[in-house]
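The structure appears right after this line, and notes come after that.
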Amino acid sequence: MEGNNLEQTLQEGKLYRQLNSLIVAHLRHHNLTQAARAVAAATMTPLDVEAPPNKLLELVAKGLAVEKDEMLRGVSSSTLFDLGGALASGSLPAPRVSSVDFSAVQDTKGSSKSFPKHETRHLSEHKNIARCARFSPDGRFVATGSADTSIKLFEISKIKQMMLPDSKDGPVRPVIRTFYDHVQPINDLDFHPQSTVLISGAKDHTIKFFDFSKATAKRAFRVIQDTHNVRSVSFHPSGDFLLAGTDHSIAHLYDVNTFQCYLSANPPEIGVNGAINQVRYSSRGGIYVTASKDGAIRLWDGISASCVRSIVGAHGTAEATSACFTKDQRFVLSCGKDSTVKLWEIGTGRLVKQYLGSTHIQSRCQAVFNDTEEFVLSIDEPSNEIVIWDALTAEKVAKWPSNHIGAPRWIEHSPTEAAFISCGTDRSVRFWKEIL
């Protein structure tokens, strides 16, 4: 089974490279040199790549003809092969349902869904505050980072085995790797979209690369030395670039292969309090978002790194602590220390929804969608509860005790199933999954 997944990932990576080569060659052959250079640089494709002059046009024409034929026969091409999704994210499981269209329904009062009941289990403890967590894109692993400078990697199948009422194999250890290579607290983590590489950003101004396929590896095999406290990290869907959100007001874009750092050539005017709390790429990498200490949410072009929209005061004068895209890349969900969670339309900068009724003014609180984007989850610090809203109606549908001593400081949902992780100031890591 694992061999088939690897083969599929390799095949899709090859297809991705072929497509990039055709685009670069097409632009070059039509004397669009500047555009060809931009695409070549963004996708790590040689500018002088060889391809027949009109090959891309021929393939597009054939594809359109096939699509037209399928429509006439009542066959959806998207059911045969979701090219966009495969190219953007490698071999990922299909989501359980398609993403929610937040602009489709205007009056949704009284139609809220019930959030399924979950069971929870204490997984492990760090030696200091558990500060952050991240799932792998395929949902098979989750990593946590701590103020004790360690990183723990958990295998989801082992967690589920541990949660079974009668485990015949005795005690199950879900922690499969522990990494020690930072000298200051871990701020954020991310998984490479196609390989067994985990990256971490920390207060020691470094981004470290860990190969978790090697059972004996405890330390990073590559290190990027930044000039600032690395608050957040995010891989480009191609895996060739990564973004670092730091104490600097502009995200640092790194070429993973050369470690060359790029900054936006035309940054907006940002004040002294513009440190980035979180940076995240969209699912296809065409745009990224930053949530900053000055309360602003900013959207940036994924190729030129220019700021395409600033939502100044998105969370008033309070810090914007998290931001993430919907799957269709049309909206951004943000959270701030003004105790609000908000949904923004990317195209207009318009506030679409507000999710109210939880207080978070102290920690770098997260707001996240569940895997189907039907619900939004966050933290209520005073009551030490996890709060859940219906994403479409913005109605609060559940409040659950966190089971942490003190409010959790991070919540992260699986991209592939009804499960999430909570991390606490009590040093503990908890796993939550739907009761089936």
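For the structure tokens, the naming scheme is as follows: chains receive sequential letters (A, B, ...) according to their order of presentation, residues are indexed from 1 within each chain, and ligands are indexed from 1 in presentation order.
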Ile276 in chain A environment, 7 Å, only C-alpha atoms, sequence neighbours closer than 4 positions dropped, as number ranges by chain: A: 231, 245-249, 290-293
Residues within 9 Å of Ser304 in chain A, only C-alpha atoms, excluding chain neighbours under 3 positions, as a list in words: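 Answer for this query is Ala38, Ala42, Ser264, Ala265, Trp300, Asp301 and Cys307 of chain A.
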Pick from A:Arg173, A:Lys62, A:Arg409, A:Arg330 nearest to His360 in chain A, counting only C-alpha atoms: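 Of all the options, A:Arg409 lies closest to His360 in chain A.
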Option closest in space to Leu123 in chain A, from A:Cys423, A:Cys261, A:Ile386, A:Val39 [counting only C-alpha atoms]: A:Cys423
Between CA of Tyr16 in chain A and CA of Pro237 in chain A, distance in Å (one decimal):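 CA of Pro237 in chain A lies at a distance of 11.0 Å from CA of Tyr16 in chain A.
Minimum atom-to-atom distances from A:Leu253, A:Val376, A:Val429, A:Ile129 to Ser402 in chain A were compared using only C-alpha atoms, and the lowest value belongs to A:Val429.
All residues within range 286-336 of chain A that the backbone DSSP calculation assigns to strand (DSSP E) are Ile287, Tyr288, Val289, Thr290, Ala291, Ser292, Ile297, Arg298, Leu299, Trp300, Asp301, Cys307, Val308, Arg309, Ser310, Ile311, Ala320, Thr321, Ser322, Ala323, Cys324, Phe325, Phe331, Val332, Leu333, Ser334, Cys335 and Gly336 of chain A.
If you count only C-alpha atoms and ignore residues fewer than 5 places along the chain from Gln362 in chain A, what sits within 10 Å of it is Gly336, Lys337, Asp338, Ser339, Glu381 and Arg409 of chain A.
Each of A:Ala419, A:Val49, A:Pro171, A:Ala296 was checked against Ala36 in chain A using only C-alpha atoms; the smallest atom-to-atom distance is that of A:Val49.
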Proximity to Val397 in chain A - best of A:Gly201, A:Pro415, A:Gly357, A:Gly239, only C-alpha atoms: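 Under the stated criterion, the closest residue is A:Gly357.
The residue set within 7 Å of Asp240 in chain A, counting only C-alpha atoms and dropping same-chain residues fewer than 5 places from it, reads Asp255, Val256 and Asn257 of chain A.
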Atom pair CA of Val387 in chain A / CA of Gln366 in chain A: separation (Å):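 A separation of 11.4 Å between them.
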Interatomic distance, CA of Leu22 in chain A to CA of Ala51 in chain A (Å, one decimal): 6.4 Å
